[in-house]
>>> print(open('query33.cif').read())   # mmCIF, C-alpha atoms and all ligand atoms
data_target
#
loop_
_atom_site.label_atom_id
_atom_site.label_comp_id
_atom_site.auth_asym_id
_atom_site.auth_seq_id
_atom_site.Cartn_x
_atom_site.Cartn_y
_atom_site.Cartn_z
CA MET A 1 19.33 -78.33 20.96
CA SER A 2 16.81 -78.81 23.77
CA LYS A 3 17.37 -80.02 27.31
CA LEU A 4 14.34 -81.75 28.69
CA LEU A 5 13.18 -82.81 32.12
CA VAL A 6 10.79 -85.72 31.54
CA THR A 7 8.91 -86.51 34.72
CA GLY A 8 7.39 -89.97 35.01
CA GLY A 9 9.76 -91.13 32.26
CA ALA A 10 9.89 -94.68 33.65
CA GLY A 11 6.12 -95.10 33.22
CA PHE A 12 4.22 -96.28 30.17
CA ILE A 13 3.87 -93.14 28.06
CA GLY A 14 6.89 -91.40 29.55
CA ALA A 15 9.23 -94.27 28.59
CA ASN A 16 7.77 -94.43 25.10
CA PHE A 17 8.29 -90.68 24.84
CA VAL A 18 11.95 -90.93 25.89
CA HIS A 19 12.60 -93.67 23.29
CA TYR A 20 10.78 -91.61 20.66
CA TRP A 21 12.54 -88.37 21.54
CA LEU A 22 16.12 -89.62 21.70
CA ALA A 23 15.69 -91.55 18.46
CA LYS A 24 14.38 -88.44 16.72
CA TYR A 25 16.55 -85.81 18.42
CA PRO A 26 19.81 -87.57 19.38
CA GLN A 27 21.53 -84.22 19.91
CA ASP A 28 19.17 -83.32 22.78
CA ARG A 29 19.67 -84.06 26.47
CA VAL A 30 16.97 -85.83 28.49
CA VAL A 31 16.84 -86.02 32.27
CA VAL A 32 14.15 -88.35 33.63
CA LEU A 33 12.81 -87.71 37.11
CA ASP A 34 10.75 -90.62 38.37
CA ALA A 35 9.71 -91.74 41.85
CA LEU A 36 9.60 -95.39 40.69
CA THR A 37 6.19 -96.14 42.14
CA TYR A 38 4.69 -99.54 41.31
CA ALA A 39 4.09 -98.15 37.78
CA GLY A 40 7.64 -96.96 37.18
CA ASN A 41 10.04 -99.43 35.66
CA MET A 42 13.61 -98.74 34.67
CA ALA A 43 13.55 -101.81 32.45
CA SER A 44 11.36 -99.75 30.13
CA LEU A 45 14.38 -97.49 29.57
CA ALA A 46 16.75 -100.33 28.70
CA GLY A 47 19.14 -99.25 25.96
CA ILE A 48 18.82 -95.60 26.99
CA LEU A 49 20.16 -95.66 30.53
CA GLU A 50 23.80 -95.80 29.42
CA GLN A 51 23.59 -93.02 26.82
CA ASP A 52 25.72 -89.91 27.52
CA ASN A 53 22.85 -87.57 26.72
CA PHE A 54 20.58 -89.25 29.27
CA ARG A 55 20.37 -89.12 33.05
CA PHE A 56 17.99 -90.92 35.37
CA VAL A 57 17.15 -89.31 38.69
CA HIS A 58 15.16 -91.26 41.26
CA GLY A 59 12.99 -88.64 42.94
CA ASP A 60 9.60 -87.08 43.46
CA ILE A 61 8.05 -84.22 41.49
CA GLY A 62 6.89 -82.96 44.89
CA ASP A 63 10.51 -82.29 45.87
CA GLU A 64 10.68 -78.65 44.79
CA ASP A 65 14.34 -78.18 45.78
CA LEU A 66 15.43 -81.25 43.81
CA VAL A 67 13.54 -80.09 40.72
CA ALA A 68 14.91 -76.54 41.01
CA THR A 69 18.45 -77.90 41.37
CA LEU A 70 18.03 -80.10 38.31
CA LEU A 71 16.63 -77.26 36.22
CA ARG A 72 19.53 -75.03 37.23
CA GLU A 73 22.42 -77.54 37.20
CA GLU A 74 21.45 -79.05 33.89
CA SER A 75 20.29 -75.75 32.32
CA LEU A 76 17.05 -77.48 31.34
CA ASP A 77 14.70 -75.49 29.12
CA THR A 78 11.72 -77.86 28.82
CA VAL A 79 9.62 -79.83 31.29
CA VAL A 80 7.32 -82.57 30.01
CA ASN A 81 5.21 -83.68 32.94
CA PHE A 82 3.99 -87.27 32.67
CA ALA A 83 4.41 -88.10 36.36
CA ALA A 84 1.10 -89.08 37.88
CA GLU A 85 -0.95 -91.70 39.54
CA SER A 86 -2.84 -92.85 36.47
CA HIS A 87 -5.20 -95.75 37.22
CA VAL A 88 -8.87 -94.91 37.78
CA ASP A 89 -9.63 -98.06 39.82
CA ARG A 90 -6.78 -97.29 42.24
CA SER A 91 -8.09 -93.74 42.63
CA ILE A 92 -11.46 -95.11 43.67
CA HIS A 93 -9.97 -97.38 46.33
CA GLY A 94 -7.32 -94.92 47.57
CA PRO A 95 -7.50 -91.34 46.31
CA ASP A 96 -4.81 -89.80 48.57
CA PRO A 97 -1.74 -90.42 46.37
CA PHE A 98 -3.67 -88.97 43.43
CA VAL A 99 -4.06 -85.67 45.22
CA THR A 100 -0.49 -85.78 46.54
CA THR A 101 1.19 -86.45 43.19
CA ASN A 102 -1.21 -85.15 40.57
CA VAL A 103 -2.24 -81.94 42.34
CA VAL A 104 0.38 -81.08 44.98
CA GLY A 105 3.24 -82.65 43.01
CA THR A 106 2.37 -80.79 39.81
CA HIS A 107 2.11 -77.59 41.84
CA SER A 108 5.61 -78.14 43.28
CA LEU A 109 6.91 -78.66 39.75
CA LEU A 110 5.30 -75.40 38.66
CA LYS A 111 6.79 -73.57 41.65
CA ALA A 112 10.27 -74.90 40.85
CA ALA A 113 9.93 -73.90 37.17
CA LYS A 114 8.75 -70.42 38.12
CA LYS A 115 11.56 -70.01 40.66
CA VAL A 116 14.32 -70.98 38.22
CA TRP A 117 12.99 -69.77 34.88
CA LEU A 118 11.10 -66.62 35.87
CA ASP A 119 12.26 -65.40 39.30
CA GLY A 120 15.86 -66.50 38.70
CA GLY A 121 15.73 -65.19 35.17
CA SER A 122 17.59 -68.19 33.77
CA GLY A 123 15.04 -69.57 31.44
CA ARG A 124 14.04 -67.79 28.29
CA PRO A 125 12.90 -69.42 26.15
CA HIS A 126 11.40 -72.19 28.26
CA ARG A 127 8.40 -74.49 28.07
CA PHE A 128 6.38 -76.35 30.70
CA HIS A 129 4.29 -79.00 28.96
CA HIS A 130 1.67 -80.76 31.03
CA VAL A 131 0.35 -84.15 29.88
CA SER A 132 -3.30 -84.56 30.74
CA THR A 133 -6.30 -86.66 29.86
CA ASP A 134 -9.66 -86.53 28.11
CA GLU A 135 -11.24 -87.78 31.36
CA VAL A 136 -11.28 -84.20 32.71
CA TYR A 137 -14.21 -83.47 30.37
CA GLY A 138 -16.41 -86.12 32.01
CA SER A 139 -18.60 -88.59 30.16
CA LEU A 140 -20.40 -88.36 26.80
CA THR A 141 -23.76 -89.79 25.78
CA PRO A 142 -23.77 -91.74 22.48
CA GLU A 143 -25.25 -88.73 20.68
CA GLU A 144 -22.92 -86.01 21.97
CA PRO A 145 -20.06 -84.71 19.81
CA PRO A 146 -16.50 -85.60 20.88
CA PHE A 147 -14.72 -83.45 23.46
CA SER A 148 -13.14 -80.28 22.14
CA GLU A 149 -10.85 -77.94 24.06
CA THR A 150 -13.77 -75.63 24.87
CA ASN A 151 -15.80 -78.31 26.68
CA ALA A 152 -16.40 -77.50 30.33
CA TYR A 153 -14.50 -79.65 32.80
CA ALA A 154 -16.68 -82.27 34.56
CA PRO A 155 -14.32 -84.89 36.05
CA ASN A 156 -16.06 -87.86 37.65
CA SER A 157 -13.38 -89.97 39.38
CA PRO A 158 -10.80 -88.97 41.98
CA TYR A 159 -8.20 -89.58 39.24
CA SER A 160 -9.81 -87.27 36.69
CA ALA A 161 -10.60 -84.68 39.37
CA SER A 162 -6.93 -84.62 40.39
CA LYS A 163 -5.85 -84.26 36.75
CA ALA A 164 -8.39 -81.46 36.26
CA ALA A 165 -7.02 -79.65 39.31
CA SER A 166 -3.48 -79.92 37.94
CA ASP A 167 -4.61 -78.60 34.54
CA HIS A 168 -6.11 -75.55 36.26
CA LEU A 169 -2.90 -74.89 38.19
CA VAL A 170 -0.86 -75.08 34.98
CA ARG A 171 -3.24 -72.63 33.33
CA ALA A 172 -3.08 -70.28 36.34
CA TYR A 173 0.74 -70.24 36.34
CA HIS A 174 0.63 -68.99 32.78
CA HIS A 175 -2.13 -66.48 33.29
CA THR A 176 -0.78 -65.06 36.56
CA TYR A 177 2.99 -65.39 36.31
CA GLY A 178 3.64 -65.75 32.60
CA LEU A 179 5.09 -69.26 32.81
CA GLU A 180 5.21 -70.56 29.24
CA VAL A 181 2.95 -73.57 29.44
CA THR A 182 1.09 -75.89 27.09
CA THR A 183 -1.28 -78.72 28.00
CA SER A 184 -2.39 -81.72 25.98
CA ASN A 185 -5.47 -83.80 26.80
CA CYS A 186 -5.27 -87.24 25.28
CA SER A 187 -7.54 -90.24 24.93
CA ASN A 188 -6.77 -93.86 25.95
CA ASN A 189 -3.28 -95.00 24.96
CA TYR A 190 -2.16 -98.55 24.24
CA GLY A 191 1.17 -100.04 23.18
CA PRO A 192 4.48 -101.37 24.58
CA TYR A 193 5.45 -100.95 28.26
CA GLN A 194 1.90 -100.44 29.54
CA PHE A 195 1.43 -101.72 33.08
CA PRO A 196 -0.82 -104.79 32.96
CA GLU A 197 -3.53 -103.34 35.18
CA LYS A 198 -4.90 -101.39 32.17
CA LEU A 199 -7.47 -103.07 29.93
CA ILE A 200 -5.49 -104.08 26.83
CA PRO A 201 -2.34 -105.56 28.43
CA LEU A 202 -4.45 -107.14 31.17
CA ILE A 203 -6.53 -108.97 28.58
CA ILE A 204 -3.49 -110.11 26.56
CA LEU A 205 -1.69 -111.51 29.59
CA ASN A 206 -4.78 -113.09 31.13
CA ILE A 207 -5.45 -114.97 27.89
CA LEU A 208 -1.90 -116.34 27.89
CA GLU A 209 -2.41 -117.67 31.41
CA ALA A 210 -6.06 -118.72 30.96
CA LYS A 211 -7.27 -116.32 33.63
CA PRO A 212 -10.74 -114.71 33.50
CA LEU A 213 -11.10 -111.58 31.35
CA PRO A 214 -13.01 -109.18 33.60
CA ILE A 215 -15.45 -106.89 31.80
CA TYR A 216 -16.95 -104.19 33.97
CA GLY A 217 -20.75 -103.76 33.76
CA ASP A 218 -22.28 -104.46 30.35
CA GLY A 219 -19.00 -103.95 28.43
CA LEU A 220 -20.56 -101.21 26.33
CA ASN A 221 -18.50 -98.30 27.68
CA ILE A 222 -16.65 -96.58 24.87
CA ARG A 223 -13.07 -95.35 24.72
CA ASP A 224 -11.14 -93.63 21.89
CA TRP A 225 -7.91 -95.65 21.51
CA LEU A 226 -4.59 -94.19 20.35
CA TYR A 227 -1.27 -95.96 19.76
CA VAL A 228 1.18 -94.52 22.28
CA GLU A 229 3.71 -93.39 19.67
CA ASP A 230 1.05 -91.20 18.07
CA HIS A 231 0.55 -89.55 21.46
CA CYS A 232 4.32 -88.94 21.68
CA ARG A 233 4.24 -87.46 18.17
CA GLY A 234 1.37 -85.19 19.22
CA ILE A 235 3.30 -83.93 22.25
CA ASP A 236 6.33 -83.34 20.01
CA LEU A 237 4.17 -81.20 17.71
CA VAL A 238 2.79 -79.22 20.65
CA LEU A 239 6.34 -78.57 21.87
CA GLN A 240 7.52 -77.49 18.41
CA LYS A 241 4.51 -75.60 17.11
CA GLY A 242 2.00 -75.17 19.94
CA ARG A 243 1.06 -71.69 21.10
CA VAL A 244 2.02 -70.87 24.67
CA GLY A 245 -0.94 -70.91 27.05
CA GLU A 246 -2.97 -73.18 24.76
CA VAL A 247 -4.57 -76.58 25.27
CA TYR A 248 -4.50 -79.26 22.55
CA ASN A 249 -6.64 -82.38 22.40
CA ILE A 250 -4.95 -85.50 21.05
CA GLY A 251 -6.95 -88.58 20.06
CA GLY A 252 -7.31 -91.44 17.66
CA ASN A 253 -10.77 -90.92 16.15
CA ASN A 254 -11.08 -94.58 17.05
CA GLU A 255 -14.05 -95.37 19.29
CA TRP A 256 -14.64 -98.93 20.48
CA THR A 257 -16.77 -100.53 23.16
CA ASN A 258 -14.80 -102.50 25.72
CA ILE A 259 -16.39 -105.79 24.72
CA GLU A 260 -15.44 -105.20 21.06
CA ILE A 261 -11.85 -104.54 22.10
CA VAL A 262 -11.71 -107.64 24.25
CA ARG A 263 -13.17 -109.83 21.48
CA LEU A 264 -10.70 -108.38 18.98
CA VAL A 265 -7.73 -109.06 21.26
CA CYS A 266 -9.05 -112.58 21.96
CA GLY A 267 -9.26 -113.36 18.24
CA LEU A 268 -5.79 -112.02 17.48
CA VAL A 269 -4.12 -113.87 20.36
CA ASP A 270 -5.92 -117.10 19.37
CA GLN A 271 -4.65 -116.69 15.79
CA GLY A 272 -1.10 -116.02 16.95
CA ILE A 273 -1.04 -119.06 19.24
CA ALA A 274 -2.63 -121.32 16.62
CA ALA A 275 0.01 -120.28 14.10
CA SER A 276 3.09 -120.84 16.28
CA GLU A 277 4.39 -124.06 17.82
CA ILE A 278 6.85 -121.99 19.88
CA LEU A 279 4.06 -119.89 21.38
CA ARG A 280 2.06 -123.03 22.14
CA GLN A 281 5.05 -124.39 24.07
CA ARG A 282 5.55 -121.11 25.92
CA PHE A 283 1.90 -120.59 26.81
CA PRO A 284 0.44 -124.10 27.14
CA HIS A 285 -2.55 -122.91 29.19
CA SER A 286 -3.75 -120.45 26.57
CA PRO A 287 -7.21 -121.55 25.34
CA ALA A 288 -6.07 -121.91 21.72
CA CYS A 289 -3.62 -124.66 22.82
CA LEU A 290 -6.59 -126.72 23.97
CA GLY A 291 -8.72 -126.00 20.92
CA ASN A 292 -10.80 -123.41 22.82
CA LYS A 293 -11.46 -119.75 22.14
CA ALA A 294 -10.02 -117.04 24.39
CA GLU A 295 -13.49 -115.49 24.43
CA SER A 296 -14.57 -118.37 26.67
CA LEU A 297 -12.61 -116.60 29.44
CA ILE A 298 -14.78 -113.45 29.31
CA ALA A 299 -16.38 -112.75 32.68
CA PHE A 300 -18.81 -109.88 33.21
CA VAL A 301 -18.10 -108.45 36.66
CA LYS A 302 -19.42 -105.69 38.92
CA ASP A 303 -19.19 -102.27 37.30
CA ARG A 304 -16.58 -99.67 38.23
CA PRO A 305 -18.26 -97.13 40.55
CA GLY A 306 -19.02 -93.92 38.62
CA HIS A 307 -17.85 -95.59 35.40
CA ASP A 308 -17.73 -93.00 32.57
CA ARG A 309 -19.79 -94.24 29.64
CA ARG A 310 -18.01 -92.73 26.68
CA TYR A 311 -14.91 -90.70 25.84
CA ALA A 312 -14.13 -89.37 22.39
CA ILE A 313 -11.72 -86.68 21.27
CA ASN A 314 -12.16 -83.98 18.67
CA ALA A 315 -8.55 -83.34 17.59
CA GLU A 316 -9.37 -80.73 14.91
CA LYS A 317 -7.42 -77.99 16.64
CA SER A 318 -4.27 -80.13 16.81
CA ARG A 319 -4.74 -81.15 13.20
CA ASN A 320 -5.33 -77.61 11.91
CA GLU A 321 -2.70 -75.81 13.99
CA LEU A 322 -0.02 -78.46 14.38
CA GLY A 323 -0.57 -80.87 11.50
CA TYR A 324 -1.30 -83.69 13.97
CA VAL A 325 -2.59 -86.87 12.29
CA PRO A 326 -2.26 -90.29 13.96
CA GLN A 327 -0.03 -92.54 11.86
CA GLU A 328 -0.85 -95.96 13.27
CA SER A 329 -4.10 -97.66 12.29
CA PHE A 330 -5.84 -99.58 15.05
CA GLU A 331 -5.37 -102.86 13.15
CA THR A 332 -1.59 -102.42 12.94
CA GLY A 333 -1.24 -100.86 16.40
CA ILE A 334 -3.07 -103.62 18.23
CA ARG A 335 -1.11 -106.32 16.37
CA LYS A 336 2.18 -104.56 17.22
CA THR A 337 1.09 -104.36 20.85
CA ILE A 338 0.19 -108.04 21.09
CA ASP A 339 3.45 -108.99 19.36
CA TRP A 340 5.38 -106.79 21.80
CA TYR A 341 3.87 -108.52 24.85
CA LEU A 342 4.50 -111.95 23.29
CA ALA A 343 8.13 -111.01 22.62
CA ASN A 344 8.76 -109.38 26.00
CA GLU A 345 7.70 -111.97 28.55
CA ASP A 346 10.74 -111.10 30.71
CA TRP A 347 9.52 -107.50 30.96
CA TRP A 348 5.98 -108.29 32.06
CA ARG A 349 6.86 -111.20 34.33
CA ALA A 350 9.35 -108.93 36.11
CA VAL A 351 6.81 -106.12 36.28
CA MET A 352 4.39 -108.49 37.91
CA ASN A 353 6.84 -109.82 40.52
CA GLY A 354 9.00 -106.70 40.83
CA SER A 355 12.34 -108.54 40.72
CA TYR A 356 13.97 -107.11 37.59
CA ARG A 357 12.88 -103.67 38.66
CA ASP A 358 14.54 -103.99 42.06
CA TRP A 359 17.79 -105.07 40.44
CA LEU A 360 17.79 -102.25 37.92
CA GLU A 361 16.93 -99.69 40.57
CA LYS A 362 19.99 -100.71 42.56
CA GLN A 363 22.17 -100.48 39.45
CA TYR A 364 21.13 -97.09 38.23
CA ALA A 365 19.20 -95.02 40.79
CA ASP A 366 20.97 -91.85 41.96
P1 LIG B 401 1.94 -94.68 34.41
O1 LIG B 401 1.15 -94.93 35.65
O2 LIG B 401 2.29 -95.83 33.53
O3 LIG B 401 3.32 -93.98 34.79
C1 LIG B 401 3.41 -92.94 35.71
C2 LIG B 401 4.88 -92.70 36.03
O4 LIG B 401 4.98 -91.60 36.96
C3 LIG B 401 5.56 -93.89 36.71
O5 LIG B 401 6.84 -94.10 36.16
C4 LIG B 401 5.68 -93.46 38.17
O6 LIG B 401 6.77 -94.05 38.84
C5 LIG B 401 5.85 -91.96 38.02
N1 LIG B 401 5.44 -91.21 39.21
C6 LIG B 401 4.31 -91.39 39.94
N2 LIG B 401 4.31 -90.51 40.96
C7 LIG B 401 5.44 -89.76 40.87
C8 LIG B 401 5.97 -88.70 41.61
N3 LIG B 401 5.35 -88.22 42.69
N4 LIG B 401 7.14 -88.16 41.22
C9 LIG B 401 7.81 -88.65 40.15
N5 LIG B 401 7.34 -89.67 39.40
C10 LIG B 401 6.17 -90.22 39.76
O7 LIG B 401 1.15 -93.57 33.63
P2 LIG B 401 0.94 -93.37 32.06
O8 LIG B 401 -0.19 -94.20 31.62
O9 LIG B 401 2.25 -93.46 31.40
O10 LIG B 401 0.45 -91.84 32.04
C11 LIG B 401 1.39 -90.78 31.96
C12 LIG B 401 0.63 -89.46 31.98
O11 LIG B 401 -0.25 -89.41 30.86
C13 LIG B 401 -0.25 -89.27 33.21
O12 LIG B 401 -0.16 -87.92 33.59
C14 LIG B 401 -1.65 -89.60 32.73
O13 LIG B 401 -2.60 -88.85 33.45
C15 LIG B 401 -1.58 -89.13 31.29
N6 LIG B 401 -2.47 -89.85 30.35
C16 LIG B 401 -2.47 -91.22 30.30
C17 LIG B 401 -3.26 -91.85 29.34
C18 LIG B 401 -3.28 -93.37 29.23
O14 LIG B 401 -4.08 -93.90 28.45
N7 LIG B 401 -2.44 -94.10 29.91
C19 LIG B 401 -4.06 -91.10 28.47
C20 LIG B 401 -4.05 -89.70 28.57
C21 LIG B 401 -3.22 -89.09 29.51
O1 LIG B 402 -8.93 -91.65 28.66
C1 LIG B 402 -7.61 -91.53 29.10
C2 LIG B 402 -7.41 -92.40 30.32
O2 LIG B 402 -7.38 -93.75 29.88
C3 LIG B 402 -6.14 -92.06 31.09
O3 LIG B 402 -6.24 -90.76 31.59
C4 LIG B 402 -5.92 -93.04 32.25
O4 LIG B 402 -4.69 -92.78 32.87
C5 LIG B 402 -5.91 -94.44 31.68
O5 LIG B 402 -5.78 -95.38 32.73
C6 LIG B 402 -7.19 -94.71 30.88
O6 LIG B 402 -8.33 -94.76 31.78
P1 LIG B 402 -9.49 -95.86 31.60
O7 LIG B 402 -10.16 -96.01 32.89
O8 LIG B 402 -10.32 -95.57 30.41
O9 LIG B 402 -8.56 -97.15 31.24
P2 LIG B 402 -8.62 -98.67 31.74
O10 LIG B 402 -7.63 -99.42 30.90
O11 LIG B 402 -8.51 -98.79 33.22
O12 LIG B 402 -10.09 -99.11 31.32
C7 LIG B 402 -10.53 -99.02 29.98
C8 LIG B 402 -11.99 -99.42 29.95
O13 LIG B 402 -12.07 -100.83 30.23
C9 LIG B 402 -12.84 -98.75 31.00
O14 LIG B 402 -14.14 -98.52 30.49
C10 LIG B 402 -12.91 -99.75 32.13
C11 LIG B 402 -12.85 -101.08 31.41
N1 LIG B 402 -12.19 -102.18 32.13
C12 LIG B 402 -10.95 -101.96 32.65
C13 LIG B 402 -10.28 -102.96 33.31
C14 LIG B 402 -8.92 -102.72 33.91
C15 LIG B 402 -12.79 -103.42 32.23
O15 LIG B 402 -13.92 -103.61 31.74
N2 LIG B 402 -12.14 -104.42 32.88
C16 LIG B 402 -10.90 -104.25 33.44
O16 LIG B 402 -10.36 -105.20 34.05
#
>>> encode(input="query33.cif", output="C-alpha cells")
Amino acid sequence: MSKLLVTGGAGFIGANFVHYWLAKYPQDRVVVLDALTYAGNMASLAGILEQDNFRFVHGDIGDEDLVATLLREESLDTVVNFAAESHVDRSIHGPDPFVTTNVVGTHSLLKAAKKVWLDGGSGRPHRFHHVSTDEVYGSLTPEEPPFSETNAYAPNSPYSASKAASDHLVRAYHHTYGLEVTTSNCSNNYGPYQFPEKLIPLIILNILEAKPLPIYGDGLNIRDWLYVEDHCRGIDLVLQKGRVGEVYNIGGNNEWTNIEIVRLVCGLVDQGIAASEILRQRFPHSPACLGNKAESLIAFVKDRPGHDRRYAINAEKSRNELGYVPQESFETGIRKTIDWYLANEDWWRAVMNGSYRDWLEKQYAD
C-alpha cells in the first residue's frame, strides 16, 4: 500500500491522476495539496472528496512546514508534484508566479521531503516524482528528431524556464542528498477537466458559443498530443518501475499542426451538433445550428511572443524500460474529450464564472 501526496491535484492532470490512481489502487491513500489558484477546481474531484482514503488540503507547496507536517502525520511515502503555473501565455504577461510556484515552491517541497524522509530518517523507501514538460528542451525544426532525455535544455518561455529550473533542483537533490527522485517530461495533454484557456477546450467551447477561434501566427506550429489518461499511466509506470534518479519522456507520437487540430475539432463538433436535436437546443448559437461550418469562426491573430515552432517526444526509453505505450488513439481521445465537454456544461460554466468552485471550496477546504 502506498500513501501519496499529490500536489496540484485539483488541476487538469492532477485531478485526472487522482481519479486514475484511486480507481486502480483503491487500497492506497491519497492526500491532495492544492492552492486552488484560478486553475484549481475541487469540482474536478467530485466523487472522490468523500472517500475515506482521500484528504484534500488547501495549501501552498511553498509552505515547507505544512508539507513536512503532512508527510510526517500521514506517513506519506510518495510525492507526485503536479502543482505549477502551467500556461505559457500567462507566463509571458506575468512571470512572477511562475518563479514563485514552479521554482521556489518546488524547492520548498524538496526541502520538506529531505527534512522528513532523509534527515528525520522516517522515509525509506520513498519517492519524489516531479511532473515536467517537453518544453524544457526548446523548439525543434521540422527536420530534427524528437526530444530524447539526453537533449540539452533550451527553454524559451518564462514558463518553460521555470520548469527547467525545477527539474534541475530535483536532479540536484538526488545527486547531492540522495533523495529518491524521478522526473517525467511529457508532451501536450488533452482530455477532461482541462481549463478552457488551453487550445483544445478553448476551441470546443468557443464553437459552442460562436466566438472566434484564435489561431496564433500561421497556425503551423506543431505539438505532440497525448490523452491525459495515457500521461497518468506513464507516471504510474515510472513510479512502479522507474529507476531512481532517472528522467523519462512521455509522449503520444502524435504530431499535429495547430490549424489541423482546430479544423478537426471544428468538424467533429459540427457533426455532433448536426446529429443531435438536444445539442442544437442547448447550443443554438453554434454555427452548425445555422447551417454554417465552425471553421468560419477561425481567426488568425498575432503570434505568441517567442512561440516554439515544434515539440515532439521520443518515448523509446519509457517504452523499453517501463513498457509505456499510449492506449488511446487520437481519433478516440479527441471524440471522448469533445463528448466530455458537451456532457459537462455545468463544470465548464462554473469554471468560467467561478461560482461552483467557491461553493465547493467552502464545503471542503481545510
Ligand atoms: P493546471 O494549471 O491545470 O493545474 C495546476 C494545479 O496546481 C492547479 O490545481 C493549481 O491550483 C495548483 N497550484 C498552482 N500553484 C500552486 C501552489 N503554489 N501550491 C499548490 N498548488 C498549486 O496544470 P496542468 O495542465 O494540470 O499541469 C500539471 C503539471 O503537469 C504541471 O507541472 C505542468 O508543468 C505539467 N505538464 C502539463 C502538460 C499539459 O499539457 N497540460 C504537459 C506536460 C507537463
Ligand atoms: O508541451 C507541453 C505543454 O503543453 C505544457 O507544459 C503546458 O503546461 C501546456 O499549457 C501546453 O503548452 P502549449 O503552449 O503548447 O499549449 P496551449 O494549449 O497554450 O497551446 C497549444 C498551441 O496552440 C500552441 O502552439 C499555441 C497555440 N494556440 C494556443 C491558444 C491558447 C493558439 O493558436 N491559439 C490559442 O488561443
>>> residues_around(input="query33.cif", residues="A:Gln51", least_positions_apart="4", cutoff="10 Å", atoms="only C-alpha atoms", output="list in words")
Leu22, Pro26, Arg29, Val30, Gly47 and Arg55 of chain A
>>> closest_residue(input="query33.cif", among="A:Pro214, A:Glu197, A:Gln281, A:Glu246", to="A:Asn185", atoms="only C-alpha atoms")
A:Glu246
>>> atom_distance(input="query33.cif", atom1="atom CA of A:Ala165", atom2="atom O11 of ligand LIG 402 (chain B)")
20.1 Å
>>> residues_near_ligand(input="query33.cif", ligand="ligand LIG 402 (chain B)", cutoff="8 Å", atoms="only C-alpha atoms and all ligand atoms", output="VMD selection string")
chain A and resid 85 to 89 132 to 135 159 to 160 186 to 189 197 to 200 202 to 203 213 to 217 219 221 to 224 258 to 259 303 to 304 307 to 311
>>> closest_atom_pairs(input="query33.cif", of="chain A", to="ligand LIG 401 (chain B)", cutoff="7 Å", atoms="only C-alpha atoms and all ligand atoms", output="tab-separated table")
residue	atom	partner	partner_atom	distance
A:Thr7	CA	B:LIG401	N5	5.9
A:Gly8	CA	B:LIG401	O4	3.5
A:Gly9	CA	B:LIG401	O5	5.7
A:Ala10	CA	B:LIG401	O5	4.0
A:Gly11	CA	B:LIG401	O5	3.2
A:Phe12	CA	B:LIG401	O9	3.7
A:Ile13	CA	B:LIG401	O9	3.7
A:Gly14	CA	B:LIG401	O9	5.4
A:Leu33	CA	B:LIG401	C9	5.9
A:Asp34	CA	B:LIG401	N5	3.7
A:Ala35	CA	B:LIG401	N5	4.0
A:Leu36	CA	B:LIG401	O6	3.6
A:Thr37	CA	B:LIG401	O6	3.9
A:Tyr38	CA	B:LIG401	O6	6.4
A:Ala39	CA	B:LIG401	C3	4.6
A:Gly40	CA	B:LIG401	O5	3.1
A:Asn41	CA	B:LIG401	O5	6.2
A:Gly59	CA	B:LIG401	C9	5.9
A:Asp60	CA	B:LIG401	N4	3.5
A:Ile61	CA	B:LIG401	N4	4.1
A:Gly62	CA	B:LIG401	N3	5.9
A:Asn81	CA	B:LIG401	O12	6.9
A:Phe82	CA	B:LIG401	C12	4.1
A:Ala83	CA	B:LIG401	O4	3.6
A:Ala84	CA	B:LIG401	C6	4.5
A:Glu85	CA	B:LIG401	C6	5.3
A:Ser86	CA	B:LIG401	O1	4.6
A:His87	CA	B:LIG401	O1	6.6
A:Thr101	CA	B:LIG401	N3	4.5
A:Gly105	CA	B:LIG401	N3	6.0
A:Val131	CA	B:LIG401	O12	5.3
A:Ser132	CA	B:LIG401	C21	4.7
A:Thr133	CA	B:LIG401	C21	3.9
A:Asp134	CA	B:LIG401	C20	6.5
A:Lys163	CA	B:LIG401	O13	6.5
A:Asn185	CA	B:LIG401	C20	6.3
A:Cys186	CA	B:LIG401	C20	4.3
A:Ser187	CA	B:LIG401	C19	5.0
A:Asn188	CA	B:LIG401	O14	3.7
A:Asn189	CA	B:LIG401	O14	3.7
A:Tyr190	CA	B:LIG401	O14	6.6
A:Gln194	CA	B:LIG401	O2	6.1
A:Phe195	CA	B:LIG401	O2	6.0
>>> closest_residue(input="query33.cif", among="A:Asn353, A:Gln271, A:Ser286, A:Thr182", to="A:Asp339", atoms="all atoms listed in the file")
A:Gln271
>>> residues_around(input="query33.cif", residues="stretch 249-251 of chain A", least_positions_apart="5", cutoff="10 Å", atoms="only C-alpha atoms", output="ChimeraX atom specification")
/A:132-134,147-149,183-189,224-227,230-235,238,312-319,324-326
>>> atom_distance(input="query33.cif", atom1="atom CA of A:Glu209", atom2="atom CA of A:Phe17")
29.8 Å
>>> closest_residue(input="query33.cif", among="A:Val247, A:Leu109, A:Val228, A:Ala152", to="A:Arg171", atoms="only C-alpha atoms")
A:Val247
>>> closest_residue(input="query33.cif", among="A:Glu328, A:Gly191, A:Ile207, A:Glu144", to="A:Gly272", atoms="all atoms listed in the file")
A:Ile207
>>> closest_residue(input="query33.cif", among="A:Trp340, A:Phe330, A:Asp218, A:Asn253", to="A:Phe300", atoms="all atoms listed in the file")
A:Asp218
>>> atom_distance(input="query33.cif", atom1="atom CA of A:Arg124", atom2="atom CA of A:Met1")
13.9 Å
>>> residues_around(input="query33.cif", residues="A:Thr69", least_positions_apart="4", cutoff="9 Å", atoms="all atoms listed in the file", output="ChimeraX atom specification")
/A:64-65,73-74,112,116
>>> closest_residue(input="query33.cif", among="A:Ile273, A:Leu342, A:Leu169, A:Ala161", to="A:Pro95", atoms="only C-alpha atoms")
A:Ala161
>>> residues_near_point(input="query33.cif", point="(12.3, -83.9, 13.4)", cutoff="9 Å", atoms="all atoms listed in the file", output="NGL selection string")
:A and (24-25 or 236)
